[in-house]
Amino acid sequence: MKGQARVVVIGGGAVGCSALYHLTRLGWTDVVLLERDELTAGSTWHAAGNCPNFSTSWSILKLQRYSTGLYRGLAQEVGYDINYHVTGSIRLAHSADRVDEFRHVQAQASAQGTDFELLSPAQIRERHPFLVLDDIRAGLWDPTDGDIDPSQLTQALAKGARDRGASVYRHTRVTAIRELDSGGWRIETTAGAIDSEYVINAAGYRGAEVAALIGESLPIVTLSHQYLLTEEIPELIARGAARLPLVRDPDVSYYLRQERQALLLGPYESRGEAHWLAGLPAEFAHQLFADDLGRIESYIEAACARVPILGSVGVKRVINGPIPYAPDGNPLIGPAGVGRNFFHCCAFTFGIIQAGGAGRIIAEWVVNGEPDWDVWPVDCRRYLPFANRAYTLAKALETYQHEYGIGYPQEERPAGRPAKTSPLYQRLSAQGAVFGARAGWERAVYYARAGDPAGADCSFRRPHWHHAVARECAAVAGAVALLELPGFTKFEIAGAGAARWIDHLVAGALPRPGRTALSYFCSPRGGIVSEMTVSQLAEDRFWLISAAAGERHDEQWLTSHLSQRFGPVTLVNLTARFGSLIVVGPRSRELLARVTEADLSNQSFPWLAVRTIPIAYTEALAMRVNYVGELGWELHVPVEHLLSVYELLRSAGESLGLAHFGLYAMESLRLEKCYRSWKADLTTEYTPLMASLDRFVRLDKEADFIGREALRREAVSGPKERFVPLLVAAGDADASAVSIVWRGAERVGLVTSGGYGYRLNRSIALAYVQAGLSEPGTELEVEILGERRRALVAREPLYDPHNQRLRE
């Protein structure tokens, strides 16, 4: 075996071979793949091989669409047959909510260049004559869906990589990995050692096993998935070469497709089964688990009723094999949390359809430093240490059970909860809090009251809690209200070089001592990596605060760029040490004045100021900023004092009409102010100039910040898209994220956030549109659940345009 390579890929399934193939396509040919058994061993060889484009996630839809496009030309490109059948597929809808989901995804797919079609029952029958459709409302047609031979796909990708110079070593087990002092990694194997600058862990359900070799824990468990293959069916034999489209009945939870002259049925049952919780077996490559048809008996019966020819023959074979699951069922892709130049690309529940896109993403990450599009839904840094084995198992089983569940805009599923609670959890629950989990933290999403209208918790239209959110928004605007936000990511940067180092990272100007500024961290291409509030507490001391979900992501970004060339700098993660209380509303100053001796006047404590103030038995770091657009403060309080501070505020605020509000109200309020949300409105695909954040960018500042040259070029040419607020003439449904913006017959933009503004009594969408259409007053349309609704480009912010309420 070679003793050195630029990149080593560990794992020879479809994903690992795709990573190898895409590295060579980008020109890196000194690359090696190590497989402990044969190529396709593990989960690849027994996969059903279905290739849908469909996803309710914009990024995953893009990833899968790339795969289907790649596979259609792969055999000819590399000279290796992959037995790929593009049959199209039909998803069946039993309910109105399912039809809403189909309409929403149809618009997304269309914007990406794939034309899904909503079918009537009569149109479904034209494409699939064997379906019973008595209770079906509609179907969704995906014209480029189909199936592929997983083993042939893997071999074709490996051949394409080998033809460009890559090396593949089979029966080569990795036994140890260590980071070299000189940089790079040494991988010990049963065939000897190999040194590499980069490593990609594409080990499938053994991904956590490989990660453990570098001291990292990945949230992966192995479940089993069964599908069965029937004997040959006379009706299919009579059809000759004509193949049936693949059928998915998501409301019952199974897929059904033709396999030669038989049918292949695979359910996602309500009782998933986990394996190997005590550790993976040393040898398990081309084996299967024992059949367990009793688990899927009811699904077989339902499928036979839907397609009677399925029940006319016997079962020829049952496949019950291992598949890896992360808690949300999405893969784990991206930089490892340990060392440099180590990447993960594993835990693929749908590895065959996602292999093509995943290989491209990870190859771009290694070669270019970042993927071509934002992939946060699959970024392995989305999970924090709380995602241990118990949590991962609970969520994975829930995800498996809901694999075909409707992708509602808001759904607070219960498994794995509560994982993390603040000291106020019970107090807020007693106030009527309904909780949702954010980065593992239980946060109140709204507060229920006796007499609130009943109805669905989840819908593409306005759910029953619409009334509770309206009540909370009125309290914020009318008096004073309190929100707890546990888990805010907090870093303290200190040292003589702190100011110059941070200035090198952020696109805008640093705040003065005692002030806070919203700051943007960019990639070399100018894309927005992160948004943080930067507060200068002293000449050599700063606080950086960002989203709870971004803790690992942001910490890695900061530490990977940490440099002492500007002088001494230290970085400390304070996230676990402080809780956060948000006090807002026109009477918020009056409330705080009752609990602190600090001077809260505009002269002493103006907007965007930061002060340490005494409160209860401690001191809080108080920032006069908030995410809702009213007079207010963020109070960052040592966790051990959080309960006493909360009780003091609640008691002092009783006579002022203090109310509690939750995340859903905060979301509505921030839409009215056009405040951007990280990984919704702000992603690496958009620059600060595209995001209409020009006022936060200083291209002429002395510090040569990351991304400046790219932004300078964009400033000269002008951004192609601009972020705008839209006032939408909506009905009972608001624009969800990734709704499509139209002008006549042309798609001209994409909604990144949407909802109802209760202070304005208007439906709002925040969107990126073609730059030439960004002027206030421009008339456009937003597609909401298949209907185009009139939308007017407005000037931001929509609410309190001069920020008078923030400054009062």
# chains A, B, ... in the order shown; residues from 1 in each chain; ligands from 1
$ residues_around --residues "A:Glu672" --least-positions-apart "5" --cutoff "9 Å" --atoms "only C-alpha atoms" --output "list in words"
Val628, Gly629, Glu667, Pro725, Tyr756, Gly757, Tyr758, Arg759, Leu760, Ile764, Glu796, Pro797, Leu798, Tyr799 and Asp800 of chain A
$ residues_around --residues "A:Leu711" --least-positions-apart "4" --cutoff "7 Å" --atoms "only C-alpha atoms" --output "PyMOL selection string"
chain A and resi 526+707+715
$ write_last_selection --atoms "C-alpha atoms" --output "PDB file, in the first residue's frame"
ATOM      1  CA  GLY A 526     -17.859  36.538   0.839  1.00  0.00           C
ATOM      2  CA  GLY A 707     -13.874  37.882   2.385  1.00  0.00           C
ATOM      3  CA  ALA A 715     -19.596  46.009  -4.672  1.00  0.00           C
TER       4      ALA A 715
END
$ residues_around --residues "A:His46" --least-positions-apart "4" --cutoff "8 Å" --atoms "only C-alpha atoms" --output "PyMOL selection string"
chain A and resi 150+319+321
$ closest_residue --among "A:Ile740, A:Val793, A:Ile200, A:Ala390" --to "A:Gly11" --atoms "only C-alpha atoms"
A:Ile200
$ select_by_dssp --residues "stretch 514-551 of chain A" --states "helix (DSSP H, G or I)" --output "count of residues only"
4
$ select_by_dssp --residues "stretch 449-621 of chain A" --states "strand (DSSP E)" --output "VMD selection string"
chain A and resid 481 to 484 489 to 494 515 to 522 528 to 538 541 to 546 570 to 573 578 to 584 610 to 615 618 to 621
$ residues_around --residues "A:Asn602" --least-positions-apart "5" --cutoff "12 Å" --atoms "only C-alpha atoms" --output "list in words"
Arg589, Trp607, Leu608, Ala609, Arg624, Leu631, Gly632, Leu806, Arg807 and Glu808 of chain A
$ residues_around --residues "A:Glu484" --least-positions-apart "2" --cutoff "7 Å" --atoms "only C-alpha atoms" --output "list in words"
Leu482, Pro486, Ser580, Leu581 and Ile582 of chain A
$ closest_residue --among "A:Gly487, A:Gly339, A:Pro801, A:Gly356" --to "A:Leu180" --atoms "only C-alpha atoms"
A:Gly339
$ atom_distance --atom1 "atom CA of A:Ser429" --atom2 "atom CA of A:Arg449"
11.7 Å
$ residues_around --residues "stretch 555-560 of chain A" --least-positions-apart "5" --cutoff "8 Å" --atoms "only C-alpha atoms" --output "list in words"
Gly337, Leu571 and Asn573 of chain A
$ write_last_selection --atoms "all heavy atoms" --output "mmCIF file, in the first residue's frame"
data_model
loop_
_atom_site.group_PDB
_atom_site.id
_atom_site.type_symbol
_atom_site.label_atom_id
_atom_site.label_comp_id
_atom_site.auth_asym_id
_atom_site.auth_seq_id
_atom_site.Cartn_x
_atom_site.Cartn_y
_atom_site.Cartn_z
ATOM 1 N N GLY A 337 -14.834 17.772 14.855
ATOM 2 C CA GLY A 337 -14.611 18.690 15.972
ATOM 3 C C GLY A 337 -13.255 18.530 16.608
ATOM 4 O O GLY A 337 -12.913 19.257 17.537
ATOM 5 N N LEU A 571 -9.676 32.660 24.118
ATOM 6 C CA LEU A 571 -11.086 32.443 23.804
ATOM 7 C C LEU A 571 -11.661 31.464 24.811
ATOM 8 O O LEU A 571 -11.121 30.367 24.982
ATOM 9 C CB LEU A 571 -11.235 31.904 22.379
ATOM 10 C CG LEU A 571 -12.650 31.723 21.813
ATOM 11 C CD1 LEU A 571 -12.620 31.809 20.279
ATOM 12 C CD2 LEU A 571 -13.263 30.383 22.211
ATOM 13 N N ASN A 573 -15.351 29.673 26.108
ATOM 14 C CA ASN A 573 -16.772 29.435 25.859
ATOM 15 C C ASN A 573 -17.527 29.573 27.183
ATOM 16 O O ASN A 573 -17.340 28.767 28.101
ATOM 17 C CB ASN A 573 -16.966 28.042 25.265
ATOM 18 C CG ASN A 573 -18.391 27.798 24.793
ATOM 19 O OD1 ASN A 573 -19.344 28.392 25.296
ATOM 20 N ND2 ASN A 573 -18.556 26.912 23.821
#
$ residues_around --residues "A:Trp373" --least-positions-apart "2" --cutoff "9 Å" --atoms "only C-alpha atoms" --output "JSON, numbers by chain"
{"A": [59, 62, 361, 370, 371, 375, 683, 684, 685]}
$ closest_residue --among "A:Thr349, A:Asn388, A:Gln123, A:Ser692" --to "A:Ser774" --atoms "only C-alpha atoms"
A:Ser692
$ closest_residue --among "A:Ala791, A:Gly49, A:Glu492, A:Glu781" --to "A:Ala745" --atoms "only C-alpha atoms"
A:Glu781
$ closest_residue --among "A:Leu157, A:Val221, A:Ile362, A:Ala737" --to "A:Ala326" --atoms "only C-alpha atoms"
A:Val221
$ atom_distance --atom1 "atom CA of A:Cys346" --atom2 "atom CA of A:Trp58"
20.1 Å
$ closest_residue --among "A:Val252, A:Ala665, A:Ala208, A:Ile528" --to "A:Tyr325" --atoms "only C-alpha atoms"
A:Ala208
$ atom_distance --atom1 "atom CA of A:Ile177" --atom2 "atom CA of A:Arg6"
15.4 Å
$ decode --residues "stretch 584-675 of chain A" --atoms "C-alpha atoms" --output "PDB file, in the first residue's frame"
ATOM      1  CA  VAL A 584     -38.968  44.247  26.377  1.00  0.00           C
ATOM      2  CA  GLY A 585     -41.825  46.643  25.898  1.00  0.00           C
ATOM      3  CA  PRO A 586     -42.579  50.328  26.557  1.00  0.00           C
ATOM      4  CA  ARG A 587     -42.618  49.699  30.323  1.00  0.00           C
ATOM      5  CA  SER A 588     -39.436  47.596  30.400  1.00  0.00           C
ATOM      6  CA  ARG A 589     -37.326  50.479  31.773  1.00  0.00           C
ATOM      7  CA  GLU A 590     -39.895  50.983  34.525  1.00  0.00           C
ATOM      8  CA  LEU A 591     -39.702  47.304  35.431  1.00  0.00           C
ATOM      9  CA  LEU A 592     -35.917  47.130  35.490  1.00  0.00           C
ATOM     10  CA  ALA A 593     -35.734  50.309  37.572  1.00  0.00           C
ATOM     11  CA  ARG A 594     -37.622  48.443  40.292  1.00  0.00           C
ATOM     12  CA  VAL A 595     -34.946  45.740  40.562  1.00  0.00           C
ATOM     13  CA  THR A 596     -31.633  47.555  39.990  1.00  0.00           C
ATOM     14  CA  GLU A 597     -29.932  50.718  41.146  1.00  0.00           C
ATOM     15  CA  ALA A 598     -28.287  51.176  37.731  1.00  0.00           C
ATOM     16  CA  ASP A 599     -29.040  54.311  35.741  1.00  0.00           C
ATOM     17  CA  LEU A 600     -31.208  53.148  32.837  1.00  0.00           C
ATOM     18  CA  SER A 601     -31.752  56.551  31.270  1.00  0.00           C
ATOM     19  CA  ASN A 602     -31.057  57.193  27.618  1.00  0.00           C
ATOM     20  CA  GLN A 603     -28.169  59.437  28.612  1.00  0.00           C
ATOM     21  CA  SER A 604     -26.463  56.767  30.709  1.00  0.00           C
ATOM     22  CA  PHE A 605     -27.680  53.615  28.987  1.00  0.00           C
ATOM     23  CA  PRO A 606     -28.472  54.379  25.328  1.00  0.00           C
ATOM     24  CA  TRP A 607     -29.542  51.963  22.637  1.00  0.00           C
ATOM     25  CA  LEU A 608     -26.747  49.470  21.757  1.00  0.00           C
ATOM     26  CA  ALA A 609     -24.956  50.084  25.039  1.00  0.00           C
ATOM     27  CA  VAL A 610     -23.730  47.308  27.315  1.00  0.00           C
ATOM     28  CA  ARG A 611     -23.319  47.640  31.082  1.00  0.00           C
ATOM     29  CA  THR A 612     -22.853  45.439  34.119  1.00  0.00           C
ATOM     30  CA  ILE A 613     -25.744  46.130  36.470  1.00  0.00           C
ATOM     31  CA  PRO A 614     -26.542  44.852  39.996  1.00  0.00           C
ATOM     32  CA  ILE A 615     -29.699  42.812  40.273  1.00  0.00           C
ATOM     33  CA  ALA A 616     -30.882  40.493  43.054  1.00  0.00           C
ATOM     34  CA  TYR A 617     -27.799  38.826  44.572  1.00  0.00           C
ATOM     35  CA  THR A 618     -25.591  39.102  41.522  1.00  0.00           C
ATOM     36  CA  GLU A 619     -24.602  41.240  38.578  1.00  0.00           C
ATOM     37  CA  ALA A 620     -25.999  40.841  35.097  1.00  0.00           C
ATOM     38  CA  LEU A 621     -24.425  41.827  31.829  1.00  0.00           C
ATOM     39  CA  ALA A 622     -27.180  44.002  30.376  1.00  0.00           C
ATOM     40  CA  MET A 623     -27.290  44.825  26.683  1.00  0.00           C
ATOM     41  CA  ARG A 624     -29.760  47.318  25.306  1.00  0.00           C
ATOM     42  CA  VAL A 625     -30.538  45.238  22.242  1.00  0.00           C
ATOM     43  CA  ASN A 626     -33.296  42.811  21.367  1.00  0.00           C
ATOM     44  CA  TYR A 627     -34.773  40.833  18.498  1.00  0.00           C
ATOM     45  CA  VAL A 628     -38.300  42.244  18.647  1.00  0.00           C
ATOM     46  CA  GLY A 629     -37.947  45.963  17.956  1.00  0.00           C
ATOM     47  CA  GLU A 630     -39.182  47.512  21.210  1.00  0.00           C
ATOM     48  CA  LEU A 631     -37.485  49.249  24.111  1.00  0.00           C
ATOM     49  CA  GLY A 632     -35.736  46.480  25.986  1.00  0.00           C
ATOM     50  CA  TRP A 633     -32.692  44.725  27.391  1.00  0.00           C
ATOM     51  CA  GLU A 634     -30.984  41.372  27.187  1.00  0.00           C
ATOM     52  CA  LEU A 635     -29.898  40.279  30.669  1.00  0.00           C
ATOM     53  CA  HIS A 636     -27.143  37.675  30.790  1.00  0.00           C
ATOM     54  CA  VAL A 637     -27.186  36.252  34.296  1.00  0.00           C
ATOM     55  CA  PRO A 638     -24.966  33.641  36.001  1.00  0.00           C
ATOM     56  CA  VAL A 639     -26.961  30.408  35.885  1.00  0.00           C
ATOM     57  CA  GLU A 640     -26.898  29.953  39.659  1.00  0.00           C
ATOM     58  CA  HIS A 641     -28.720  33.289  40.062  1.00  0.00           C
ATOM     59  CA  LEU A 642     -31.134  32.943  37.167  1.00  0.00           C
ATOM     60  CA  LEU A 643     -34.088  31.737  39.245  1.00  0.00           C
ATOM     61  CA  SER A 644     -33.798  34.491  41.847  1.00  0.00           C
ATOM     62  CA  VAL A 645     -33.502  37.190  39.157  1.00  0.00           C
ATOM     63  CA  TYR A 646     -36.523  35.792  37.326  1.00  0.00           C
ATOM     64  CA  GLU A 647     -38.634  35.725  40.494  1.00  0.00           C
ATOM     65  CA  LEU A 648     -37.629  39.290  41.325  1.00  0.00           C
ATOM     66  CA  LEU A 649     -38.626  40.479  37.838  1.00  0.00           C
ATOM     67  CA  ARG A 650     -41.897  38.582  37.918  1.00  0.00           C
ATOM     68  CA  SER A 651     -42.854  39.981  41.315  1.00  0.00           C
ATOM     69  CA  ALA A 652     -41.861  43.529  40.391  1.00  0.00           C
ATOM     70  CA  GLY A 653     -43.683  43.326  37.082  1.00  0.00           C
ATOM     71  CA  GLU A 654     -47.000  42.038  38.356  1.00  0.00           C
ATOM     72  CA  SER A 655     -48.522  45.495  38.790  1.00  0.00           C
ATOM     73  CA  LEU A 656     -47.145  46.542  35.383  1.00  0.00           C
ATOM     74  CA  GLY A 657     -48.950  43.750  33.564  1.00  0.00           C
ATOM     75  CA  LEU A 658     -45.798  41.703  32.924  1.00  0.00           C
ATOM     76  CA  ALA A 659     -46.526  38.914  30.416  1.00  0.00           C
ATOM     77  CA  HIS A 660     -44.490  36.002  29.151  1.00  0.00           C
ATOM     78  CA  PHE A 661     -43.914  35.398  25.459  1.00  0.00           C
ATOM     79  CA  GLY A 662     -42.355  32.623  23.428  1.00  0.00           C
ATOM     80  CA  LEU A 663     -40.364  31.891  20.296  1.00  0.00           C
ATOM     81  CA  TYR A 664     -43.337  31.999  17.930  1.00  0.00           C
ATOM     82  CA  ALA A 665     -44.132  35.557  19.027  1.00  0.00           C
ATOM     83  CA  MET A 666     -40.472  36.518  18.774  1.00  0.00           C
ATOM     84  CA  GLU A 667     -40.431  35.165  15.228  1.00  0.00           C
ATOM     85  CA  SER A 668     -43.416  37.305  14.278  1.00  0.00           C
ATOM     86  CA  LEU A 669     -41.945  40.399  15.892  1.00  0.00           C
ATOM     87  CA  ARG A 670     -38.551  40.032  14.233  1.00  0.00           C
ATOM     88  CA  LEU A 671     -40.201  39.613  10.809  1.00  0.00           C
ATOM     89  CA  GLU A 672     -41.820  43.020  11.231  1.00  0.00           C
ATOM     90  CA  LYS A 673     -38.402  44.519  11.954  1.00  0.00           C
ATOM     91  CA  CYS A 674     -36.823  42.560   9.059  1.00  0.00           C
ATOM     92  CA  TYR A 675     -34.240  41.088  11.418  1.00  0.00           C
TER      93      TYR A 675
END
